[in-house]
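Source file: coords-v9.csv; contents: CSV, C-alpha atoms.
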chain,number,residue,atom,x,y,z
A,232,MET,CA,32.5,-77.8,-114.1
A,233,SER,CA,31.8,-74.5,-115.8
A,234,GLU,CA,28.8,-73.5,-117.9
A,235,LYS,CA,31.1,-72.8,-120.8
A,236,GLU,CA,32.2,-76.5,-120.9
A,237,GLU,CA,28.6,-77.6,-120.8
A,238,GLN,CA,27.8,-75.3,-123.7
A,239,GLN,CA,30.8,-76.8,-125.5
A,240,ILE,CA,29.5,-80.3,-125.0
A,241,ARG,CA,26.0,-79.3,-126.2
A,242,TYR,CA,27.5,-77.6,-129.2
A,243,ARG,CA,29.4,-80.8,-130.1
A,244,LEU,CA,26.3,-82.9,-129.7
A,245,LYS,CA,24.5,-80.5,-131.9
A,246,VAL,CA,27.2,-80.8,-134.6
A,247,LEU,CA,26.8,-84.6,-134.4
A,248,SER,CA,23.0,-84.3,-134.8
A,249,GLN,CA,23.5,-82.2,-138.0
A,250,ILE,CA,25.7,-84.8,-139.8
A,251,GLU,CA,23.7,-86.2,-142.7
A,252,PRO,CA,24.8,-89.1,-144.8
A,253,SER,CA,24.7,-89.0,-148.6
A,254,SER,CA,21.5,-90.2,-150.3
A,255,GLU,CA,23.6,-92.5,-152.6
A,256,GLY,CA,25.1,-94.2,-149.6
A,257,LEU,CA,21.6,-94.7,-148.1
A,258,GLU,CA,20.2,-96.2,-151.3
A,259,ARG,CA,23.2,-98.5,-151.7
A,260,THR,CA,22.9,-99.6,-148.1
A,261,LYS,CA,19.2,-100.3,-148.4
A,262,GLU,CA,19.9,-102.4,-151.5
A,263,ARG,CA,22.6,-104.3,-149.8
A,264,VAL,CA,20.5,-105.0,-146.8
A,265,ARG,CA,17.6,-106.2,-149.1
A,266,ASP,CA,20.1,-108.6,-150.8
A,267,THR,CA,21.4,-109.9,-147.5
A,268,LEU,CA,17.8,-110.5,-146.2
A,269,SER,CA,16.9,-112.4,-149.5
A,270,ASN,CA,20.0,-114.6,-149.0
A,271,THR,CA,19.1,-115.2,-145.4
A,272,LYS,CA,15.6,-116.2,-146.5
A,273,GLU,CA,17.0,-118.8,-148.9
A,274,ARG,CA,19.0,-120.4,-146.2
A,275,PRO,CA,16.4,-122.9,-144.8
A,276,LYS,CA,16.5,-124.9,-148.1
A,277,ASN,CA,20.1,-125.4,-147.5
A,278,ASN,CA,19.3,-126.6,-144.0
A,279,HIS,CA,17.0,-129.3,-145.5
A,280,ALA,CA,19.8,-130.3,-147.8
A,281,GLY,CA,22.1,-130.5,-144.8
A,282,ILE,CA,19.7,-132.8,-143.0
A,283,ARG,CA,19.5,-135.0,-146.1
A,284,GLN,CA,23.2,-135.1,-146.2
A,285,VAL,CA,23.4,-136.2,-142.5
A,286,PHE,CA,20.9,-139.0,-143.3
A,287,CYS,CA,22.9,-140.1,-146.3
A,288,ASN,CA,26.0,-140.2,-144.0
A,289,ILE,CA,24.2,-142.4,-141.5
A,290,GLN,CA,23.4,-144.9,-144.2
A,291,THR,CA,26.9,-144.9,-145.5
A,292,ILE,CA,28.2,-145.5,-141.9
A,293,LYS,CA,25.8,-148.4,-141.5
A,294,ILE,CA,27.0,-150.0,-144.8
A,295,ALA,CA,30.6,-149.5,-143.7
A,296,ALA,CA,30.0,-151.1,-140.3
A,297,ALA,CA,28.3,-154.1,-142.0
A,298,ALA,CA,31.3,-154.5,-144.3
A,299,VAL,CA,33.7,-154.4,-141.4
A,300,LEU,CA,31.7,-157.0,-139.6
A,301,LEU,CA,31.7,-159.3,-142.6
A,302,ILE,CA,35.5,-159.0,-143.2
A,303,GLY,CA,36.1,-159.7,-139.5
A,304,LEU,CA,33.9,-162.7,-139.6
A,305,GLY,CA,35.7,-164.0,-142.7
A,306,PHE,CA,39.1,-163.5,-141.1
A,307,ILE,CA,38.1,-165.4,-137.9
A,308,THR,CA,36.6,-168.3,-140.0
A,309,GLY,CA,39.8,-168.6,-142.1
A,310,ARG,CA,42.0,-168.6,-139.0
A,311,LEU,CA,39.9,-171.4,-137.4
A,312,PHE,CA,39.9,-173.7,-140.5
A,313,VAL,CA,43.5,-173.5,-141.5
A,314,PRO,CA,45.6,-176.7,-140.5
A,315,ALA,CA,48.5,-176.3,-138.0
A,316,VAL,CA,51.9,-175.4,-139.4
A,317,ASP,CA,55.2,-177.2,-138.6
A,318,ILE,CA,57.4,-174.4,-137.3
A,319,GLU,CA,60.8,-176.2,-137.6
A,320,GLU,CA,60.1,-177.2,-141.2
A,321,LEU,CA,59.1,-173.7,-142.0
A,322,GLN,CA,62.2,-172.3,-140.3
A,323,ALA,CA,64.4,-174.8,-142.3
A,324,ALA,CA,62.8,-173.8,-145.5
A,325,LEU,CA,63.0,-170.0,-144.9
A,326,GLU,CA,66.4,-169.7,-143.2
A,327,PRO,CA,68.7,-170.1,-146.3
A,328,ALA,CA,66.7,-167.7,-148.3
A,329,ILE,CA,66.6,-165.1,-145.5
A,330,ARG,CA,70.3,-165.6,-144.9
A,331,GLN,CA,71.1,-165.1,-148.5
A,332,GLN,CA,68.9,-162.0,-148.7
A,333,LEU,CA,70.4,-160.5,-145.6
A,334,GLN,CA,74.0,-161.1,-146.9
A,335,GLU,CA,73.0,-159.4,-150.2
A,336,GLN,CA,71.5,-156.5,-148.4
A,337,LEU,CA,74.5,-156.1,-146.0
A,338,SER,CA,77.0,-156.3,-148.9
A,339,GLU,CA,75.0,-153.7,-150.8
A,340,GLN,CA,74.9,-151.5,-147.8
A,341,TRP,CA,78.6,-151.8,-147.3
A,342,GLN,CA,79.3,-151.0,-150.9
A,343,ARG,CA,77.1,-148.0,-150.7
A,344,THR,CA,78.8,-146.8,-147.6
A,345,TYR,CA,82.2,-147.4,-149.1
A,346,ALA,CA,81.2,-145.5,-152.3
A,347,ASN,CA,79.9,-142.6,-150.2
A,348,SER,CA,83.1,-142.5,-148.1
A,349,LEU,CA,85.3,-142.6,-151.2
A,350,THR,CA,83.4,-139.7,-152.7
A,351,GLN,CA,83.7,-137.8,-149.5
A,352,ILE,CA,87.4,-138.4,-149.2
A,353,LYS,CA,87.9,-137.4,-152.8
A,354,ASN,CA,86.1,-134.2,-152.3
A,355,GLU,CA,88.0,-133.4,-149.1
A,356,LEU,CA,91.3,-134.1,-150.8
A,357,ALA,CA,90.4,-131.9,-153.7
A,358,GLN,CA,89.5,-129.1,-151.4
A,359,GLN,CA,92.7,-129.5,-149.3
A,360,LEU,CA,94.8,-129.5,-152.5
A,361,SER,CA,93.1,-126.3,-153.8
A,362,ARG,CA,93.6,-124.6,-150.4
A,363,ASP,CA,97.3,-125.6,-150.3
A,364,LEU,CA,97.8,-124.4,-153.9
A,365,ALA,CA,96.2,-121.1,-153.1
A,366,GLU,CA,98.4,-120.7,-150.0
A,367,PHE,CA,101.5,-121.5,-152.0
A,368,ALA,CA,100.6,-119.1,-154.7
A,369,GLU,CA,100.1,-116.4,-152.1
A,370,GLN,CA,103.4,-117.0,-150.5
A,371,ALA,CA,105.3,-117.1,-153.8
A,372,LEU,CA,103.7,-113.8,-154.8
A,373,ALA,CA,104.7,-112.2,-151.5
A,374,ALA,CA,108.3,-113.5,-151.8
A,375,SER,CA,108.7,-112.4,-155.5
A,376,SER,CA,107.3,-109.0,-154.5
A,377,THR,CA,110.0,-108.7,-151.7
A,378,MET,CA,112.8,-109.7,-154.1
A,379,THR,CA,111.7,-107.2,-156.7
A,380,ASP,CA,111.7,-104.5,-154.0
A,381,GLN,CA,115.2,-105.5,-153.0
A,382,ARG,CA,116.5,-105.3,-156.7
A,383,ILE,CA,114.9,-101.9,-157.2
A,384,LYS,CA,116.5,-100.6,-154.1
A,385,GLU,CA,119.9,-101.9,-155.2
A,386,LEU,CA,119.4,-100.3,-158.7
A,387,VAL,CA,118.5,-97.0,-157.1
A,388,GLN,CA,121.7,-97.1,-154.9
A,389,LEU,CA,123.9,-97.9,-158.0
A,390,ILE,CA,122.3,-95.0,-159.9
A,391,GLU,CA,122.9,-92.7,-156.9
A,392,ALA,CA,126.6,-93.8,-156.7
A,393,ALA,CA,127.1,-93.2,-160.4
A,394,ARG,CA,125.5,-89.7,-160.2
A,395,ALA,CA,127.8,-88.8,-157.2
A,396,LYS,CA,130.9,-89.9,-159.2
A,397,ASP,CA,129.8,-87.9,-162.2
A,398,ARG,CA,129.3,-84.8,-160.0
A,399,GLN,CA,132.8,-85.3,-158.5
A,400,TRP,CA,134.3,-85.5,-162.0
A,401,ILE,CA,132.5,-82.4,-163.2
A,402,ALA,CA,133.7,-80.5,-160.0
A,403,ALA,CA,137.3,-81.6,-160.7
A,404,ALA,CA,137.1,-80.5,-164.3
A,405,LEU,CA,135.6,-77.1,-163.3
A,406,GLU,CA,138.5,-76.6,-160.8
A,407,LYS,CA,141.0,-77.4,-163.5
A,408,ILE,CA,139.5,-74.9,-165.9
A,409,GLU,CA,139.5,-72.2,-163.2
A,410,PHE,CA,143.1,-72.9,-162.4
A,411,ASN,CA,144.1,-72.7,-166.1
A,412,ARG,CA,142.1,-69.4,-166.5
A,413,ARG,CA,144.0,-67.9,-163.5
A,414,GLN,CA,147.4,-68.9,-164.9
A,415,ASP,CA,146.5,-67.4,-168.3
A,416,ASN,CA,145.5,-64.2,-166.6
A,417,THR,CA,148.8,-64.0,-164.8
A,418,ARG,CA,150.8,-64.7,-167.9
A,419,LEU,CA,148.9,-62.1,-169.9
A,420,GLY,CA,149.4,-59.5,-167.1
A,421,ASN,CA,153.1,-60.2,-167.1
A,422,GLY,CA,153.3,-60.0,-170.9
A,423,LEU,CA,151.6,-56.7,-170.9
A,424,VAL,CA,153.9,-55.3,-168.2
A,425,ALA,CA,156.9,-56.4,-170.2
A,426,LEU,CA,155.5,-54.9,-173.4
A,427,ALA,CA,154.8,-51.6,-171.7
A,428,THR,CA,158.4,-51.5,-170.3
A,429,ARG,CA,159.9,-52.2,-173.7
A,430,THR,CA,157.6,-49.6,-175.3
A,431,ASN,CA,158.8,-47.0,-172.8
A,432,ASP,CA,162.4,-48.0,-173.4
A,433,LEU,CA,162.0,-47.7,-177.2
A,434,ARG,CA,160.3,-44.3,-176.9
A,435,ARG,CA,163.2,-43.0,-174.7
A,436,ILE,CA,165.8,-44.4,-177.2
A,437,GLU,CA,164.0,-42.6,-180.1
A,438,GLU,CA,163.8,-39.3,-178.2
A,439,ASN,CA,167.5,-39.5,-177.4
B,171,MET,CA,10.4,-117.0,-141.6
B,172,GLN,CA,8.4,-115.3,-144.4
B,173,LYS,CA,6.7,-113.1,-141.8
B,174,ARG,CA,10.0,-112.1,-140.2
B,175,HIS,CA,11.4,-111.3,-143.6
B,176,ARG,CA,8.4,-109.1,-144.5
B,177,GLU,CA,8.7,-107.3,-141.1
B,178,LEU,CA,12.3,-106.6,-141.6
B,179,LEU,CA,11.7,-105.2,-145.1
B,180,GLU,CA,9.0,-103.0,-143.7
B,181,LEU,CA,11.4,-101.8,-141.0
B,182,LEU,CA,14.0,-101.1,-143.7
B,183,ASP,CA,11.6,-99.0,-145.7
B,184,LYS,CA,10.2,-97.2,-142.7
B,185,SER,CA,13.2,-96.6,-140.5
B,186,GLY,CA,16.1,-97.5,-142.8
B,187,ALA,CA,17.1,-93.9,-143.4
B,188,SER,CA,16.9,-92.8,-139.8
B,189,LEU,CA,18.9,-95.9,-138.7
B,190,TYR,CA,21.5,-95.3,-141.3
B,191,THR,CA,21.8,-91.6,-140.3
B,192,LEU,CA,22.1,-92.6,-136.7
B,193,LEU,CA,24.9,-95.1,-137.4
B,194,THR,CA,26.7,-92.5,-139.5
B,195,ARG,CA,26.5,-89.9,-136.7
B,196,LEU,CA,27.7,-92.4,-134.2
B,197,THR,CA,30.6,-93.8,-136.3
B,198,LEU,CA,31.3,-90.6,-138.3
B,199,ARG,CA,32.0,-92.9,-141.2
B,200,GLU,CA,29.5,-93.8,-144.0
B,201,GLU,CA,31.2,-97.0,-145.1
B,202,THR,CA,31.2,-98.2,-141.5
B,203,ALA,CA,27.5,-97.3,-141.1
B,204,GLU,CA,26.8,-99.3,-144.2
B,205,GLU,CA,28.5,-102.4,-142.7
B,206,LEU,CA,26.8,-101.9,-139.4
B,207,MET,CA,23.5,-101.6,-141.1
B,208,GLN,CA,24.0,-105.0,-142.6
B,209,GLU,CA,25.1,-106.4,-139.3
B,210,LEU,CA,22.0,-104.8,-137.6
B,211,PHE,CA,19.5,-106.5,-140.0
B,212,ILE,CA,21.2,-109.8,-139.8
B,213,LYS,CA,21.2,-109.6,-136.0
B,214,LEU,CA,17.5,-108.6,-136.0
B,215,SER,CA,16.6,-111.5,-138.4
B,216,ASN,CA,18.1,-113.9,-135.9
B,217,SER,CA,17.0,-112.2,-132.7
B,218,ARG,CA,14.2,-113.6,-130.5
B,219,GLY,CA,13.8,-110.2,-128.7
B,220,PHE,CA,12.8,-108.6,-132.0
B,221,LYS,CA,9.9,-111.0,-132.4
B,222,LYS,CA,8.7,-110.4,-128.9
B,223,CYS,CA,9.1,-106.7,-128.6
B,224,ILE,CA,6.3,-104.2,-128.8
B,225,SER,CA,8.0,-101.5,-130.9
B,226,ARG,CA,10.2,-102.9,-133.6
B,227,ASP,CA,11.6,-99.5,-134.5
B,228,ALA,CA,12.7,-98.8,-130.9
B,229,TYR,CA,14.3,-102.2,-130.6
B,230,ALA,CA,16.2,-101.7,-133.9
B,231,ARG,CA,17.3,-98.3,-132.7
B,232,LYS,CA,18.5,-99.6,-129.4
B,233,THR,CA,20.4,-102.4,-131.2
B,234,ALA,CA,21.9,-99.9,-133.6
B,235,ILE,CA,23.2,-97.7,-130.8
B,236,ASN,CA,24.8,-100.8,-129.1
B,237,LEU,CA,26.3,-102.0,-132.3
B,238,ALA,CA,27.8,-98.5,-133.1
B,239,PHE,CA,29.4,-98.2,-129.6
B,240,ASP,CA,30.7,-101.8,-129.8
B,241,TRP,CA,32.3,-100.9,-133.1
B,242,ARG,CA,33.7,-97.7,-131.6
B,243,ARG,CA,35.3,-99.7,-128.8
B,244,LYS,CA,36.9,-102.1,-131.2
B,245,PHE,CA,37.9,-99.3,-133.5
B,246,ARG,CA,39.7,-97.5,-130.7
B,247,GLN,CA,41.7,-100.6,-129.9
B,248,GLU,CA,42.5,-101.0,-133.6
B,249,LEU,CA,43.4,-97.3,-133.8
B,250,GLN,CA,46.0,-97.7,-131.1
B,251,LEU,CA,47.7,-100.5,-133.0
B,252,ASN,CA,47.4,-98.9,-136.4
B,253,PRO,CA,46.8,-95.1,-136.5
B,254,GLU,CA,46.3,-95.0,-140.3
B,255,VAL,CA,42.8,-96.6,-140.4
B,256,CYS,CA,39.9,-95.2,-142.4
B,257,LYS,CA,39.2,-91.5,-142.4
B,258,PRO,CA,35.9,-90.0,-141.0
B,259,VAL,CA,33.3,-88.1,-143.0
B,260,SER,CA,33.9,-84.5,-143.8
B,261,ILE,CA,32.0,-82.0,-141.7
B,262,ASP,CA,33.6,-78.7,-142.6
B,263,SER,CA,35.5,-77.3,-145.5
B,264,SER,CA,38.8,-76.1,-143.8
B,265,PRO,CA,41.2,-79.0,-143.3
B,266,LEU,CA,42.4,-77.8,-139.9
B,267,SER,CA,39.0,-77.0,-138.4
B,268,LYS,CA,37.7,-80.3,-139.9
B,269,LEU,CA,40.5,-82.1,-138.1
B,270,ILE,CA,39.9,-80.4,-134.8
B,271,GLN,CA,36.1,-80.8,-135.0
B,272,THR,CA,36.4,-84.5,-135.9
B,273,GLU,CA,38.8,-85.0,-133.0
B,274,GLU,CA,36.3,-83.3,-130.7
B,275,LEU,CA,33.4,-85.3,-132.0
B,276,GLU,CA,35.3,-88.5,-131.6
B,277,GLU,CA,36.2,-87.5,-128.1
B,278,VAL,CA,32.5,-86.9,-127.2
B,279,LEU,CA,31.4,-90.1,-128.8
B,280,ASP,CA,34.0,-92.1,-126.9
B,281,ALA,CA,32.9,-90.5,-123.7
B,282,ILE,CA,29.2,-91.4,-124.6
B,283,GLY,CA,30.4,-95.0,-125.2
B,284,GLN,CA,31.6,-95.2,-121.6
B,285,LEU,CA,28.1,-94.4,-120.2
B,286,ASN,CA,25.8,-97.3,-119.2
B,287,LYS,CA,23.3,-98.5,-121.8
B,288,SER,CA,20.1,-96.7,-120.7
B,289,TRP,CA,21.9,-93.4,-120.1
B,290,ARG,CA,23.6,-93.7,-123.5
B,291,GLN,CA,20.4,-94.6,-125.3
B,292,ALA,CA,18.6,-91.6,-123.7
B,293,LEU,CA,21.4,-89.2,-124.5
B,294,VAL,CA,21.8,-90.4,-128.1
B,295,MET,CA,18.1,-90.2,-128.7
B,296,ARG,CA,17.7,-86.8,-127.1
B,297,TYR,CA,20.8,-84.9,-128.3
B,298,ILE,CA,22.0,-86.7,-131.4
B,299,GLN,CA,18.7,-87.8,-132.9
B,300,GLN,CA,16.9,-84.7,-131.4
B,301,LEU,CA,13.8,-86.7,-130.4
B,302,SER,CA,11.4,-85.3,-127.9
B,303,TYR,CA,11.3,-86.6,-124.3
B,304,ASP,CA,7.8,-88.1,-125.0
B,305,ASP,CA,9.0,-90.0,-128.0
B,306,ILE,CA,12.1,-91.3,-126.1
B,307,ALA,CA,9.9,-92.3,-123.2
B,308,GLU,CA,7.6,-94.2,-125.5
B,309,GLN,CA,10.5,-96.0,-127.2
B,310,MET,CA,12.3,-96.8,-123.9
B,311,GLU,CA,9.0,-97.7,-122.2
B,312,LYS,CA,9.6,-95.2,-119.4
B,313,THR,CA,8.0,-91.9,-118.3
B,314,PRO,CA,9.1,-88.6,-119.8
B,315,HIS,CA,10.2,-87.5,-116.4
B,316,HIS,CA,12.4,-90.5,-116.0
B,317,VAL,CA,13.9,-89.9,-119.4
B,318,ARG,CA,14.6,-86.3,-118.5
B,319,ALA,CA,16.5,-87.5,-115.4
B,320,LEU,CA,18.4,-90.1,-117.4
B,321,CYS,CA,19.5,-87.4,-119.9
B,322,SER,CA,20.5,-85.0,-117.2
B,323,LYS,CA,22.6,-87.7,-115.4
B,324,ALA,CA,24.2,-88.8,-118.7
B,325,LEU,CA,25.1,-85.2,-119.5
B,326,ASN,CA,26.7,-84.7,-116.1
B,327,ARG,CA,28.7,-87.9,-116.4
B,328,LEU,CA,29.7,-86.8,-119.9
B,329,ARG,CA,31.0,-83.5,-118.5
B,330,ASP,CA,32.9,-85.3,-115.8
B,331,THR,CA,34.5,-87.7,-118.3
B,332,LEU,CA,35.4,-85.0,-120.8
B,333,GLY,CA,36.7,-82.7,-118.0
B,334,THR,CA,39.0,-85.5,-116.7
B,335,ASN,CA,40.2,-86.3,-120.2
B,336,GLN,CA,41.0,-82.6,-120.8
B,337,LYS,CA,42.8,-82.3,-117.5
B,338,ASN,CA,44.9,-85.4,-118.3
B,339,THR,CA,45.7,-84.1,-121.7
B,340,THR,CA,46.8,-80.7,-120.3
B,341,GLU,CA,49.0,-82.4,-117.6
B,342,LYS,CA,50.6,-84.5,-120.3
B,343,GLU,CA,51.3,-81.5,-122.4
B,344,ILE,CA,52.9,-79.6,-119.4
How does the structure come out when it is put into structure tokens?
Amino acid sequence: MSEKEEQQIRYRLKVLSQIEPSSEGLERTKERVRDTLSNTKERPKNNHAGIRQVFCNIQTIKIAAAAVLLIGLGFITGRLFVPAVDIEELQAALEPAIRQQLQEQLSEQWQRTYANSLTQIKNELAQQLSRDLAEFAEQALAASSTMTDQRIKELVQLIEAARAKDRQWIAAALEKIEFNRRQDNTRLGNGLVALATRTNDLRRIEEN
Amino acid sequence: MQKRHRELLELLDKSGASLYTLLTRLTLREETAEELMQELFIKLSNSRGFKKCISRDAYARKTAINLAFDWRRKFRQELQLNPEVCKPVSIDSSPLSKLIQTEELEEVLDAIGQLNKSWRQALVMRYIQQLSYDDIAEQMEKTPHHVRALCSKALNRLRDTLGTNQKNTTEKEI
């Protein structure tokens, strides 16, 4: 370990030793510590209160235990002095009422279950119907779109055919016009030649 | 109870400032020093050792040093989980140099925290509180010669720890 490093450590320790906290912080801290100590000093009173509380609790527990004992004693005495009960008579008296009550309860339960099932089936049917309708609408839309495409294609073909026929007619008409023009040219040329010949003949006759 | 309360208030008046300064130097945070000061006096008010000890001031100082280094240990763990905890006190004006210096000081304090209690106490009193060997010896109930030896050993260990740390850091960087 070099001396330089030792000096560095000593320097850092010196920097640490030069750190001074603010005086406001110091005063605030002292005040807080004083408050804390005062609060700690007041605590024993609370401890006495706690002890009193514990004593109160013990008395309450004693009273509660006495009450429980009395109730228990009363129950046992009652049990001992009640006359014996005829079980069969009791059963005969209770059975129809219990049966009736059980039937009512069962019927009510069945009705509730039936109502629940009905509602569930209704809901499922409604859902199924709406799903089917949606599917049908989708298929119909797809079919109509295909048919429309087909019709448009046919219309385009018809228009194309009509345009081709028109072009053919126009070409035939143009050929006819050209032919007539050539015939007219030929006739005109022949006429001119005949006229020139006659003109020459007439000039010769006049000279003679 | 009244007597203890009076003694604690006397201690606060007499050594409050130096204890607060010591806590600030060891934590590098004033707000933490404030909290630790509260904790220190609560601890002293419940402590049996404080009642029995000869020098109340020395006992409080020793407890403060232990509290501060306990806090540093907890803080380091917390720092690993959450790096954006509270910021330390400002030491210098330039932000970069402040950052570097704070980092270095934290490193030294962490290394001091790794020393055993008597070495740590002697080192802190000697180099951070700048007390004389005689004063330290009186407070630690040892001879000045013994204190001198403790400080020397503590400083050597500190050099070793910091040297190893630096070596590890350099290797990581490479």
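Going from CA of Glu201 (chain B) to CA of Arg263 (chain A) covers 12.2 Å.
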Determine, using all atoms listed in the file, which residues of chain A have any atom at most 12 Å from an atom of chain B, and tabulate each with its shortest atom pair and distance in Å to one decimal place, rows ordered by chain and then rising number, as JSON lines.
{"residue": "A:Met232", "atom": "CA", "partner": "B:Arg329", "partner_atom": "CA", "distance": 7.4}
{"residue": "A:Ser233", "atom": "CA", "partner": "B:Arg329", "partner_atom": "CA", "distance": 9.4}
{"residue": "A:Glu234", "atom": "CA", "partner": "B:Arg329", "partner_atom": "CA", "distance": 10.3}
{"residue": "A:Lys235", "atom": "CA", "partner": "B:Arg329", "partner_atom": "CA", "distance": 10.9}
{"residue": "A:Glu236", "atom": "CA", "partner": "B:Arg329", "partner_atom": "CA", "distance": 7.5}
{"residue": "A:Glu237", "atom": "CA", "partner": "B:Arg329", "partner_atom": "CA", "distance": 6.8}
{"residue": "A:Gln238", "atom": "CA", "partner": "B:Arg329", "partner_atom": "CA", "distance": 10.2}
{"residue": "A:Gln239", "atom": "CA", "partner": "B:Arg329", "partner_atom": "CA", "distance": 9.7}
{"residue": "A:Ile240", "atom": "CA", "partner": "B:Arg329", "partner_atom": "CA", "distance": 7.4}
{"residue": "A:Arg241", "atom": "CA", "partner": "B:Tyr297", "partner_atom": "CA", "distance": 7.9}
{"residue": "A:Tyr242", "atom": "CA", "partner": "B:Tyr297", "partner_atom": "CA", "distance": 9.9}
{"residue": "A:Arg243", "atom": "CA", "partner": "B:Leu275", "partner_atom": "CA", "distance": 6.3}
{"residue": "A:Leu244", "atom": "CA", "partner": "B:Ile298", "partner_atom": "CA", "distance": 6.0}
{"residue": "A:Lys245", "atom": "CA", "partner": "B:Ile298", "partner_atom": "CA", "distance": 6.7}
{"residue": "A:Val246", "atom": "CA", "partner": "B:Leu275", "partner_atom": "CA", "distance": 8.1}
{"residue": "A:Leu247", "atom": "CA", "partner": "B:Arg195", "partner_atom": "CA", "distance": 5.8}
{"residue": "A:Ser248", "atom": "CA", "partner": "B:Ile298", "partner_atom": "CA", "distance": 4.3}
{"residue": "A:Gln249", "atom": "CA", "partner": "B:Ile298", "partner_atom": "CA", "distance": 8.1}
{"residue": "A:Ile250", "atom": "CA", "partner": "B:Arg195", "partner_atom": "CA", "distance": 6.0}
{"residue": "A:Glu251", "atom": "CA", "partner": "B:Thr191", "partner_atom": "CA", "distance": 6.2}
{"residue": "A:Pro252", "atom": "CA", "partner": "B:Thr191", "partner_atom": "CA", "distance": 6.0}
{"residue": "A:Ser253", "atom": "CA", "partner": "B:Glu200", "partner_atom": "CA", "distance": 8.2}
{"residue": "A:Ser254", "atom": "CA", "partner": "B:Ala187", "partner_atom": "CA", "distance": 9.0}
{"residue": "A:Glu255", "atom": "CA", "partner": "B:Glu200", "partner_atom": "CA", "distance": 10.5}
{"residue": "A:Gly256", "atom": "CA", "partner": "B:Glu200", "partner_atom": "CA", "distance": 7.1}
{"residue": "A:Leu257", "atom": "CA", "partner": "B:Ala187", "partner_atom": "CA", "distance": 6.6}
{"residue": "A:Glu258", "atom": "CA", "partner": "B:Ala187", "partner_atom": "CA", "distance": 8.8}
{"residue": "A:Arg259", "atom": "CA", "partner": "B:Glu204", "partner_atom": "CA", "distance": 8.4}
{"residue": "A:Thr260", "atom": "CA", "partner": "B:Glu204", "partner_atom": "CA", "distance": 5.5}
{"residue": "A:Lys261", "atom": "CA", "partner": "B:Gly186", "partner_atom": "CA", "distance": 7.0}
{"residue": "A:Glu262", "atom": "CA", "partner": "B:Leu182", "partner_atom": "CA", "distance": 9.9}
{"residue": "A:Arg263", "atom": "CA", "partner": "B:Gln208", "partner_atom": "CA", "distance": 7.4}
{"residue": "A:Val264", "atom": "CA", "partner": "B:Gln208", "partner_atom": "CA", "distance": 5.5}
{"residue": "A:Arg265", "atom": "CA", "partner": "B:Leu179", "partner_atom": "CA", "distance": 7.2}
{"residue": "A:Asp266", "atom": "CA", "partner": "B:Gln208", "partner_atom": "CA", "distance": 9.8}
{"residue": "A:Thr267", "atom": "CA", "partner": "B:Gln208", "partner_atom": "CA", "distance": 7.4}
{"residue": "A:Leu268", "atom": "CA", "partner": "B:His175", "partner_atom": "CA", "distance": 7.0}
{"residue": "A:Ser269", "atom": "CA", "partner": "B:His175", "partner_atom": "CA", "distance": 8.1}
{"residue": "A:Asn270", "atom": "CA", "partner": "B:Ile212", "partner_atom": "CA", "distance": 10.4}
{"residue": "A:Thr271", "atom": "CA", "partner": "B:Ile212", "partner_atom": "CA", "distance": 8.1}
{"residue": "A:Lys272", "atom": "CA", "partner": "B:His175", "partner_atom": "CA", "distance": 7.1}
{"residue": "A:Glu273", "atom": "CA", "partner": "B:Met171", "partner_atom": "CA", "distance": 10.0}
{"residue": "A:Arg274", "atom": "CA", "partner": "B:Met171", "partner_atom": "CA", "distance": 10.3}
{"residue": "A:Pro275", "atom": "CA", "partner": "B:Met171", "partner_atom": "CA", "distance": 9.0}
{"residue": "A:Lys276", "atom": "CA", "partner": "B:Met171", "partner_atom": "CA", "distance": 11.9}
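Taking CA of Glu273 (chain B) and CA of Leu237 (chain B) as endpoints, the distance between them is 21.1 Å.
Taking CA of Arg429 (chain A) as the reference point, CA of Asn411 (chain A) is found at 27.0 Å.
Shell of Gly219 (chain B) at 12 Å, with only C-alpha atoms counted and residues fewer than 5 places along the chain excluded, is B:Lys213, B:Leu214, B:Ile224, B:Ser225, B:Arg226, B:Ala228, B:Tyr229, B:Ala230, B:Lys232, B:Thr233.
Between Arg242 (chain B) and the candidates B:Thr334, B:Thr202, B:Gln284, B:Thr197, the tightest atom-to-atom separation, counting only C-alpha atoms, involves B:Thr197.
Of the residues under consideration (B:Lys184, B:Lys244, B:Arg218, B:Arg231), B:Arg231 shows the shortest atom-to-atom contact distance to Gln309 (chain B) when counting all atoms listed in the file.
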With the input short on atoms, add N, CA and C atoms back to region 324-329 of chain A and write it as a compact mmCIF listing (two decimals), keeping the file's coordinate frame.
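File written: selection.txt
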# COMPACT_ATOMS: atom_id res chain seq x y z
N ALA A 324 63.01 -174.17 -144.11
CA ALA A 324 62.80 -173.80 -145.50
C ALA A 324 63.08 -172.28 -145.72
N LEU A 325 62.82 -171.51 -144.71
CA LEU A 325 63.00 -170.00 -144.90
C LEU A 325 64.40 -169.54 -144.60
N GLU A 326 65.13 -170.24 -143.69
CA GLU A 326 66.40 -169.70 -143.20
C GLU A 326 67.43 -169.41 -144.31
N PRO A 327 67.69 -170.39 -145.24
CA PRO A 327 68.70 -170.10 -146.30
C PRO A 327 68.34 -168.86 -147.10
N ALA A 328 67.09 -168.82 -147.44
CA ALA A 328 66.70 -167.70 -148.30
C ALA A 328 66.84 -166.35 -147.55
N ILE A 329 66.46 -166.35 -146.27
CA ILE A 329 66.60 -165.10 -145.50
C ILE A 329 68.07 -164.74 -145.31
